[in-house]
Each structure stands twice: as structure tokens, then as C-alpha cells.
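Raw contents of query-v1.txt, compact mmCIF, C-alpha atoms and all ligand atoms:
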# COMPACT_ATOMS: atom_id res chain seq x y z
CA MET O 1 25.41 12.16 14.58
CA SER O 2 28.00 9.41 14.93
CA ASP O 3 29.04 8.29 18.43
CA THR O 4 32.43 7.00 17.21
CA PRO O 5 35.16 8.90 19.10
CA ILE O 6 36.97 11.34 16.84
CA GLU O 7 40.61 10.64 16.14
CA TYR O 8 42.49 13.90 15.97
CA LYS O 9 45.64 14.37 13.93
CA PRO O 10 48.00 17.18 15.00
CA PHE O 11 47.73 20.64 13.46
CA PHE O 12 50.12 21.85 10.79
CA ASP O 13 52.38 24.43 12.48
CA ALA O 14 52.15 27.53 10.29
CA SER O 15 54.50 29.69 12.37
CA PRO O 16 57.49 29.17 10.00
CA LEU O 17 55.30 30.90 7.38
CA LEU O 18 54.92 34.10 9.42
CA GLY O 19 56.26 36.99 7.38
CA ASP O 20 55.35 35.27 4.10
CA ALA O 21 51.86 36.57 3.33
CA ALA O 22 51.44 34.49 0.17
CA ALA O 23 52.37 31.27 1.97
CA LEU O 24 49.95 32.04 4.83
CA ARG O 25 47.15 32.67 2.30
CA THR O 26 47.94 29.47 0.42
CA ARG O 27 47.84 27.43 3.61
CA MET O 28 44.59 29.06 4.76
CA ASP O 29 43.03 28.42 1.33
CA GLN O 30 44.15 24.80 1.45
CA ASP O 31 43.32 23.81 5.04
CA GLY O 32 40.79 26.43 6.23
CA TYR O 33 42.90 27.19 9.32
CA LEU O 34 46.32 28.29 10.54
CA PHE O 35 47.86 27.04 13.78
CA LEU O 36 50.23 29.63 15.21
CA PRO O 37 51.80 28.47 18.48
CA GLY O 38 52.99 31.19 20.84
CA LEU O 39 51.64 34.01 18.66
CA LEU O 40 50.18 36.15 21.45
CA PRO O 41 52.33 38.07 23.95
CA SER O 42 52.68 35.65 26.84
CA ALA O 43 52.73 38.23 29.66
CA GLN O 44 49.50 39.83 28.38
CA VAL O 45 47.81 36.43 28.11
CA ALA O 46 48.93 35.36 31.59
CA SER O 47 47.77 38.60 33.13
CA LEU O 48 44.33 38.34 31.48
CA HIS O 49 44.02 34.72 32.59
CA GLY O 50 44.82 35.83 36.15
CA GLU O 51 42.16 38.54 36.03
CA ILE O 52 39.49 36.09 34.83
CA LEU O 53 40.48 33.50 37.45
CA GLU O 54 40.17 36.22 40.08
CA LEU O 55 36.59 36.92 38.95
CA CYS O 56 35.89 33.18 39.25
CA ARG O 57 37.45 33.18 42.72
CA GLU O 58 35.36 36.14 43.86
CA ALA O 59 32.21 34.34 42.71
CA GLY O 60 33.24 31.21 44.61
CA TRP O 61 33.57 29.18 41.39
CA VAL O 62 37.18 28.25 42.18
CA ASP O 63 39.35 28.22 45.30
CA ALA O 64 42.57 30.17 45.88
CA GLU O 65 44.47 27.61 43.74
CA GLY O 66 42.03 28.00 40.85
CA THR O 67 40.42 24.61 41.46
CA PRO O 68 36.71 24.47 40.60
CA GLN O 69 34.36 24.17 43.57
CA GLY O 70 30.95 22.52 43.52
CA GLU O 71 28.95 21.84 40.38
CA PRO O 72 30.20 23.02 36.96
CA HIS O 73 28.89 26.43 35.91
CA LEU O 74 27.41 26.40 32.42
CA GLU O 75 27.41 29.25 29.93
CA GLY O 76 24.03 30.98 29.76
CA ALA O 77 22.69 29.57 33.04
CA GLU O 78 21.31 32.03 35.58
CA ASP O 79 24.47 31.99 37.70
CA TRP O 80 26.73 32.51 34.66
CA TRP O 81 26.36 36.27 34.46
CA GLU O 82 27.88 37.02 37.84
CA VAL O 83 31.27 36.29 36.27
CA TYR O 84 30.64 36.80 32.56
CA ASP O 85 29.25 40.35 32.81
CA ARG O 86 32.33 41.38 34.81
CA LEU O 87 34.61 39.58 32.36
CA GLN O 88 33.08 41.50 29.45
CA LYS O 89 34.07 44.73 31.21
CA LEU O 90 37.78 43.81 31.31
CA GLU O 91 39.71 46.17 29.06
CA SER O 92 42.52 43.62 28.85
CA PHE O 93 40.14 41.01 27.41
CA HIS O 94 39.15 43.28 24.53
CA ALA O 95 42.63 44.77 24.11
CA LEU O 96 44.13 41.35 23.38
CA ALA O 97 42.07 41.18 20.17
CA HIS O 98 44.03 44.16 18.81
CA VAL O 99 47.62 43.00 19.24
CA PRO O 100 49.58 43.51 16.01
CA GLU O 101 50.93 39.94 16.16
CA LEU O 102 47.38 38.77 15.40
CA THR O 103 45.92 41.57 13.26
CA GLY O 104 49.06 41.42 11.10
CA VAL O 105 48.38 37.77 10.22
CA VAL O 106 44.77 38.53 9.31
CA GLU O 107 45.93 41.47 7.21
CA ALA O 108 48.21 39.10 5.31
CA ILE O 109 45.20 36.86 4.64
CA VAL O 110 42.64 39.51 3.62
CA ARG O 111 45.19 41.85 1.99
CA GLU O 112 43.44 44.93 3.36
CA PRO O 113 43.22 46.91 6.58
CA VAL O 114 41.69 44.65 9.21
CA PHE O 115 38.56 45.26 11.25
CA PRO O 116 38.59 43.35 14.57
CA HIS O 117 34.95 42.74 15.56
CA PRO O 118 34.15 44.18 18.99
CA ARG O 119 31.84 41.26 19.92
CA ASN O 120 34.54 39.32 21.71
CA ILE O 121 33.70 36.01 23.32
CA ALA O 122 35.25 34.23 26.28
CA ARG O 123 34.53 30.64 27.24
CA ILE O 124 35.04 29.19 30.70
CA THR O 125 34.83 25.44 30.31
CA PHE O 126 34.47 23.39 33.48
CA PRO O 127 35.54 19.79 33.88
CA GLY O 128 32.69 17.37 34.52
CA ALA O 129 30.41 18.92 31.88
CA ALA O 130 31.38 17.07 28.69
CA PHE O 131 27.72 17.06 27.58
CA PHE O 132 27.91 20.86 27.33
CA THR O 133 30.95 21.00 25.00
CA THR O 134 30.61 23.44 22.07
CA PRO O 135 29.16 21.33 19.22
CA ALA O 136 30.69 21.16 15.73
CA HIS O 137 29.57 24.21 13.78
CA GLN O 138 30.53 26.84 11.23
CA ASP O 139 30.78 30.41 12.51
CA PHE O 140 29.24 32.11 9.49
CA PRO O 141 25.56 31.61 10.44
CA LEU O 142 26.36 33.18 13.82
CA ILE O 143 28.30 36.10 12.33
CA ARG O 144 26.87 36.89 8.86
CA GLY O 145 28.35 39.95 7.15
CA THR O 146 31.09 38.54 4.95
CA ALA O 147 32.10 34.89 4.69
CA ASP O 148 35.68 36.17 4.63
CA THR O 149 35.62 36.54 8.38
CA TYR O 150 38.23 34.74 10.44
CA THR O 151 38.01 33.57 14.03
CA ALA O 152 41.08 33.47 16.26
CA TRP O 153 40.59 30.93 19.03
CA THR O 154 43.15 31.05 21.79
CA PRO O 155 43.41 29.30 25.13
CA LEU O 156 44.40 31.70 27.92
CA CYS O 157 45.78 28.76 29.93
CA ASP O 158 47.84 25.79 28.83
CA CYS O 159 45.60 23.09 27.41
CA PRO O 160 47.11 19.63 27.70
CA GLU O 161 45.00 16.95 25.97
CA GLU O 162 42.81 16.35 29.03
CA ARG O 163 41.72 20.00 29.21
CA GLY O 164 40.35 19.64 25.68
CA GLY O 165 40.72 22.62 23.38
CA LEU O 166 39.46 23.12 19.87
CA GLY O 167 39.06 20.59 17.07
CA ILE O 168 39.21 21.78 13.47
CA LEU O 169 37.78 19.84 10.52
CA GLU O 170 40.49 20.54 7.99
CA GLY O 171 39.17 21.18 4.47
CA SER O 172 35.57 21.71 5.58
CA HIS O 173 35.62 25.38 4.50
CA ARG O 174 35.45 24.11 0.90
CA VAL O 175 32.17 22.25 1.41
CA GLY O 176 30.06 25.43 1.63
CA LEU O 177 27.41 26.30 4.17
CA LEU O 178 25.98 23.24 5.92
CA PRO O 179 22.47 22.71 7.30
CA VAL O 180 22.25 23.72 10.95
CA HIS O 181 20.59 21.68 13.72
CA ALA O 182 19.72 22.74 17.25
CA ALA O 183 22.15 21.34 19.84
CA ILE O 184 23.18 21.61 23.49
CA GLY O 185 26.24 23.69 24.35
CA PRO O 186 27.63 27.14 23.63
CA GLY O 187 26.30 28.48 20.30
CA GLY O 188 23.35 26.07 20.47
CA THR O 189 23.79 24.70 16.95
CA ARG O 190 25.59 21.84 15.24
CA VAL O 191 26.28 20.56 11.76
CA ASP O 192 26.79 16.99 10.54
CA THR O 193 30.50 16.34 10.16
CA ASP O 194 30.59 13.29 7.94
CA LEU O 195 32.19 15.25 5.10
CA PRO O 196 34.33 13.83 2.30
CA ASP O 197 38.07 14.59 2.23
CA CYS O 198 38.09 16.33 5.60
CA VAL O 199 40.36 15.47 8.53
CA TRP O 200 39.81 16.28 12.21
CA ARG O 201 42.80 18.04 13.73
CA GLY O 202 43.37 18.80 17.40
CA GLN O 203 46.16 18.64 19.94
CA ALA O 204 47.45 20.04 23.20
CA MET O 205 47.91 23.80 23.00
CA GLY O 206 49.74 26.37 25.11
CA ALA O 207 48.38 29.63 26.50
CA GLY O 208 48.43 32.23 23.72
CA ASP O 209 48.67 29.72 20.85
CA VAL O 210 46.27 30.74 18.10
CA LEU O 211 44.01 28.81 15.77
CA LEU O 212 42.86 31.16 13.03
CA PHE O 213 40.13 29.79 10.79
CA HIS O 214 37.65 30.76 8.06
CA SER O 215 33.97 31.32 8.88
CA TYR O 216 33.02 28.16 6.91
CA THR O 217 35.54 25.93 8.68
CA VAL O 218 33.77 23.38 10.88
CA HIS O 219 35.17 23.32 14.41
CA SER O 220 34.09 22.17 17.83
CA GLY O 221 35.10 22.37 21.44
CA ARG O 222 36.80 19.28 22.84
CA PRO O 223 35.58 18.07 26.22
CA ASN O 224 37.45 19.15 29.29
CA VAL O 225 38.06 15.73 30.86
CA SER O 226 40.67 16.94 33.33
CA ARG O 227 40.04 16.14 36.97
CA SER O 228 39.96 19.70 38.24
CA ASP O 229 41.17 22.28 35.71
CA LEU O 230 39.18 25.10 34.16
CA ARG O 231 39.76 25.90 30.51
CA ILE O 232 39.53 29.60 29.76
CA SER O 233 39.65 30.65 26.11
CA ALA O 234 38.82 33.57 23.85
CA ASP O 235 37.26 33.88 20.42
CA TYR O 236 38.19 37.02 18.47
CA ARG O 237 36.92 37.71 14.96
CA TYR O 238 38.34 39.67 12.05
CA GLN O 239 37.54 40.77 8.54
CA SER O 240 38.64 43.48 6.14
CA VAL O 241 37.28 46.97 6.71
CA SER O 242 35.73 47.08 3.21
CA GLN O 243 33.57 43.92 3.46
CA PRO O 244 30.01 43.99 4.85
CA VAL O 245 29.57 43.66 8.60
CA SER O 246 26.34 42.52 10.24
CA PRO O 247 24.94 44.82 12.95
CA GLY O 248 25.09 41.92 15.44
CA SER O 249 28.88 41.80 15.18
CA LEU O 250 29.00 45.36 16.54
CA LYS O 251 27.03 44.50 19.67
CA PRO O 252 28.43 43.13 22.93
CA HIS O 253 28.33 39.35 23.31
CA TYR O 254 24.92 38.40 24.72
CA GLU O 255 23.92 42.10 24.73
CA ARG O 256 23.38 42.17 28.47
CA LEU O 257 25.43 45.33 28.90
CA THR O 258 25.79 48.46 26.77
CA TRP O 259 29.15 49.46 25.32
CA ASP O 260 29.10 52.46 27.69
CA GLU O 261 28.79 50.10 30.66
CA ILE O 262 31.47 47.80 29.28
CA THR O 263 34.03 50.50 28.46
CA GLU O 264 33.53 52.71 31.53
CA GLY O 265 36.92 53.67 32.96
CA TRP O 266 39.01 52.09 30.19
CA GLN O 267 42.46 53.64 29.91
CA ASP O 268 43.00 53.20 26.18
CA ARG O 269 40.28 55.32 24.63
CA SER O 270 41.24 54.13 21.13
CA LEU O 271 39.52 50.83 22.03
CA VAL O 272 36.22 52.55 22.82
CA ARG O 273 33.66 52.43 19.98
CA TYR O 274 36.53 52.41 17.48
CA TRP O 275 34.25 50.92 14.81
CA GLU O 276 32.24 54.14 14.70
CA ARG O 277 35.33 55.85 13.29
CA LEU O 278 35.73 53.32 10.45
CA PRO O 279 34.02 53.47 7.02
CA LEU O 280 32.16 50.18 7.60
CA VAL O 281 29.37 48.79 5.42
CA VAL O 282 26.89 47.62 8.06
CA THR O 283 24.13 45.41 6.65
CA GLU O 284 21.85 42.53 7.64
CA ALA O 285 22.31 41.12 4.16
CA GLY O 286 25.64 39.60 3.34
CA ARG O 287 26.71 36.39 1.84
O1 LIG O 301 35.86 27.24 23.15
C1 LIG O 301 34.95 26.55 22.69
O2 LIG O 301 34.31 25.78 23.37
C2 LIG O 301 34.62 26.69 21.24
C3 LIG O 301 34.26 28.08 20.88
C4 LIG O 301 33.70 28.17 19.49
O3 LIG O 301 33.82 27.29 18.70
C5 LIG O 301 33.00 29.35 19.06
O4 LIG O 301 32.75 30.25 19.89
O5 LIG O 301 32.66 29.44 17.86

Translate the structure described by the file into C-alpha cells.
Ligand SMILES: O=C(O)CCC(=O)C(=O)O
Amino acid sequence: MSDTPIEYKPFFDASPLLGDAAALRTRMDQDGYLFLPGLLPSAQVASLHGEILELCREAGWVDAEGTPQGEPHLEGAEDWWEVYDRLQKLESFHALAHVPELTGVVEAIVREPVFPHPRNIARITFPGAAFFTTPAHQDFPLIRGTADTYTAWTPLCDCPEERGGLGILEGSHRVGLLPVHAAIGPGGTRVDTDLPDCVWRGQAMGAGDVLLFHSYTVHSGRPNVSRSDLRISADYRYQSVSQPVSPGSLKPHYERLTWDEITEGWQDRSLVRYWERLPLVVTEAGR
């Protein structure tokens, strides 16, 4: 692993291509990602962000202004679940994965009805914990099923440069599957990123901006080096209904709760176990 700081070039803004399915596909094929600023409904994003901050407040992680208190809390540590289990139960967190603004873009890419995976992931990234930043990785080994799976990464708060965000290694989806090494940080794996003809991209992002990328595209968290700002983000994943899905993608993130526990009391019943009503091909195998 090189210790040279990464120089990030800005993303290509693909929003002028919205509505032109062929152009979106061409750009995804070429770069391995699409950057779509402002794609998600801003009121929905702000409300979800507020709900998650409130959970953090109730656990004493942040004060009334949302400023972190005490030591950083790290994903997977014993004290993590007090907030994360409650977060997983938020209907609004899962509902955001289904907004047509986002599923419509994926449908343009896969040219078929879209299946949003139910295993939705949130990250709460504290300042002062740069060592625990999500390492560079490809999502496919963590997802399986079909390689034609796409992750939408979205910050739920504004992310100026110092709050970090996501870096994308443009063109890396063409290199194929890379050897995986154990690493510290969410996901717990990393790949070597010294790849020919690939360019790191990353920049400040706004709440509800979307980075949509292929399951082979190498990406990594960027350290939150702000003085006192949490970064809260979501990872939602999509594929076409007809392609194979791994059983793990149908389970809750971390599998600490059952779907019945997670969805208890949800208003929109169409979001509850919706995958059981779809003609999915569920298999451990899958390329
Ligand atoms: O938000 C982050 O730290 C990165 C998340 C990520 O890359 C992932 O979950 O695959």
C-alpha cells in the first residue's frame, strides 16, 4: 500500500444526461460511476438525517447541536449497536432506497425492472478516526449474485472536503476482480489500487447527491478530518430483477435483527418483505 496522499480530480457531473438512457449507460461503461448531484428529494434526505442525528443525541454521541461528544464511536464496536440497531428500524432509511429518481436511473442502466436490495447500509463517520476510514475495495466480493449490481452512495448531510466523502477510482471496473486483503475499517477488506489508466475522483458533495457505481469499481471512504462534524451516509444497492441475487443480499445488514423486528409498525406495507413477491433467482453461486 502506498502512503502517498491521493490527489482527487473532480467527478464528471452526469446530471445533464438524465433522461438519456443510452448516454447514462455509455458513461457508466466508460467510467464505472455516475455522479448525480441533487438527485434525491432534499426534504426526505434532511428529515432522515434529522432522525439519525436524534438517535445519536439520545445515545449521548452528539450534543443538541449535533456536535460529537467524547471519543469517536466506531462501526462494529460494542457500543455501536445502541444507535445502529435503531437506525436499521427507521422506515424512512429504507424508503429512501426506493425513490423513483434513483431506481429510474438504475433502470436506464440495466434496461430491466430494478430490484433494490433490502440490505441497506448506513455509515456514521466520526471525526478523529481517520485510521478507521473505509478502505479501497470492490463491492462485488461483499455482495455476490450478479456483477451487474450498482451501489448508490449518498451523503445525508453536506460533505465539504474536510468531512471526507467517497473516492472513486475511475476506470477500475474494467480491471476485473482484484485480490482482497484484510484491512481495518468498515467492510474489513482492501485491494491494491496501483492500477493502470485509472484516476481517483472525489470532491465535496451535498446532502442527497448520488454516486452510482458498478460492483467492480474500486472506491474508498475519505477521512473525516473536520474538527467536529459527523458524516452520515447511506449505501443502497440495485440490480435487475432477472439476474441472480445472493441470499446474503436479502438479509438485514449485520443480521442482528430480523426483518419482522425491523419492519414492525411501518406505515408503507409495500416496503415490507417486497422481495418475496418478486420472481428472484436466489443463489450462492453467481459470477
Ligand atoms: O461511507 C463509506 O465510508 C464508504 C462505504 C462503502 O464504500 C461501502 O459500504 O461499500

Excluding Leu39 of chain O and any residue of its chain fewer than 4 positions from it, enumerate the residues within 7 Å of it, using only C-alpha atoms, and give them as a list of chain:residue names.
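Returned residues: O:Glu101, O:Gly208, O:Asp209, O:Val210.
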
A straight line from atom CA of Phe35 of chain O to atom CA of Leu169 of chain O spans 12.8 Å

Let me have all residues with an atom within 8 Å of ligand LIG 301 (chain O), counting all atoms listed in the file, laid out as a list of chain:residue names.
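Based on all atoms listed in the file, ligand LIG 301 (chain O) is surrounded within 8 Å by O:Ile121, O:Ala122, O:Arg123, O:Ile124, O:Thr125, O:Thr133, O:Thr134, O:Pro135, O:Ala136, O:His137, O:Gln138, O:Asp139, O:Thr151, O:Trp153, O:Gly165, O:Leu166, O:Pro186, O:Gly187, O:His219, O:Ser220, O:Gly221, O:Arg222, O:Ile232, O:Ser233, O:Ala234, O:Asp235.
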
Could you take the residues named above and write them with C-alpha atoms, as a PDB file, in the coordinates of the input?
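Result went into selection_4.pdb, see below:
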ATOM      1  CA  ILE O 121      33.700  36.010  23.320  1.00  0.00           C
ATOM      2  CA  ALA O 122      35.250  34.230  26.280  1.00  0.00           C
ATOM      3  CA  ARG O 123      34.530  30.640  27.240  1.00  0.00           C
ATOM      4  CA  ILE O 124      35.040  29.190  30.700  1.00  0.00           C
ATOM      5  CA  THR O 125      34.830  25.440  30.310  1.00  0.00           C
ATOM      6  CA  THR O 133      30.950  21.000  25.000  1.00  0.00           C
ATOM      7  CA  THR O 134      30.610  23.440  22.070  1.00  0.00           C
ATOM      8  CA  PRO O 135      29.160  21.330  19.220  1.00  0.00           C
ATOM      9  CA  ALA O 136      30.690  21.160  15.730  1.00  0.00           C
ATOM     10  CA  HIS O 137      29.570  24.210  13.780  1.00  0.00           C
ATOM     11  CA  GLN O 138      30.530  26.840  11.230  1.00  0.00           C
ATOM     12  CA  ASP O 139      30.780  30.410  12.510  1.00  0.00           C
ATOM     13  CA  THR O 151      38.010  33.570  14.030  1.00  0.00           C
ATOM     14  CA  TRP O 153      40.590  30.930  19.030  1.00  0.00           C
ATOM     15  CA  GLY O 165      40.720  22.620  23.380  1.00  0.00           C
ATOM     16  CA  LEU O 166      39.460  23.120  19.870  1.00  0.00           C
ATOM     17  CA  PRO O 186      27.630  27.140  23.630  1.00  0.00           C
ATOM     18  CA  GLY O 187      26.300  28.480  20.300  1.00  0.00           C
ATOM     19  CA  HIS O 219      35.170  23.320  14.410  1.00  0.00           C
ATOM     20  CA  SER O 220      34.090  22.170  17.830  1.00  0.00           C
ATOM     21  CA  GLY O 221      35.100  22.370  21.440  1.00  0.00           C
ATOM     22  CA  ARG O 222      36.800  19.280  22.840  1.00  0.00           C
ATOM     23  CA  ILE O 232      39.530  29.600  29.760  1.00  0.00           C
ATOM     24  CA  SER O 233      39.650  30.650  26.110  1.00  0.00           C
ATOM     25  CA  ALA O 234      38.820  33.570  23.850  1.00  0.00           C
ATOM     26  CA  ASP O 235      37.260  33.880  20.420  1.00  0.00           C
TER      27      ASP O 235
END

Return the single residue from O:Ala43, O:Val282, O:Val106, O:Ala182 that is closest to Leu212 of chain O, with distances computed using all atoms listed in the file.
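Using all atoms listed in the file, the shortest distance to Leu212 of chain O belongs to O:Val106.
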
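For the choices O:Trp81, O:Trp266, O:Tyr216, O:Trp259, the atom-to-atom distance to Ile143 of chain O is smallest for O:Tyr216 when using only C-alpha atoms.
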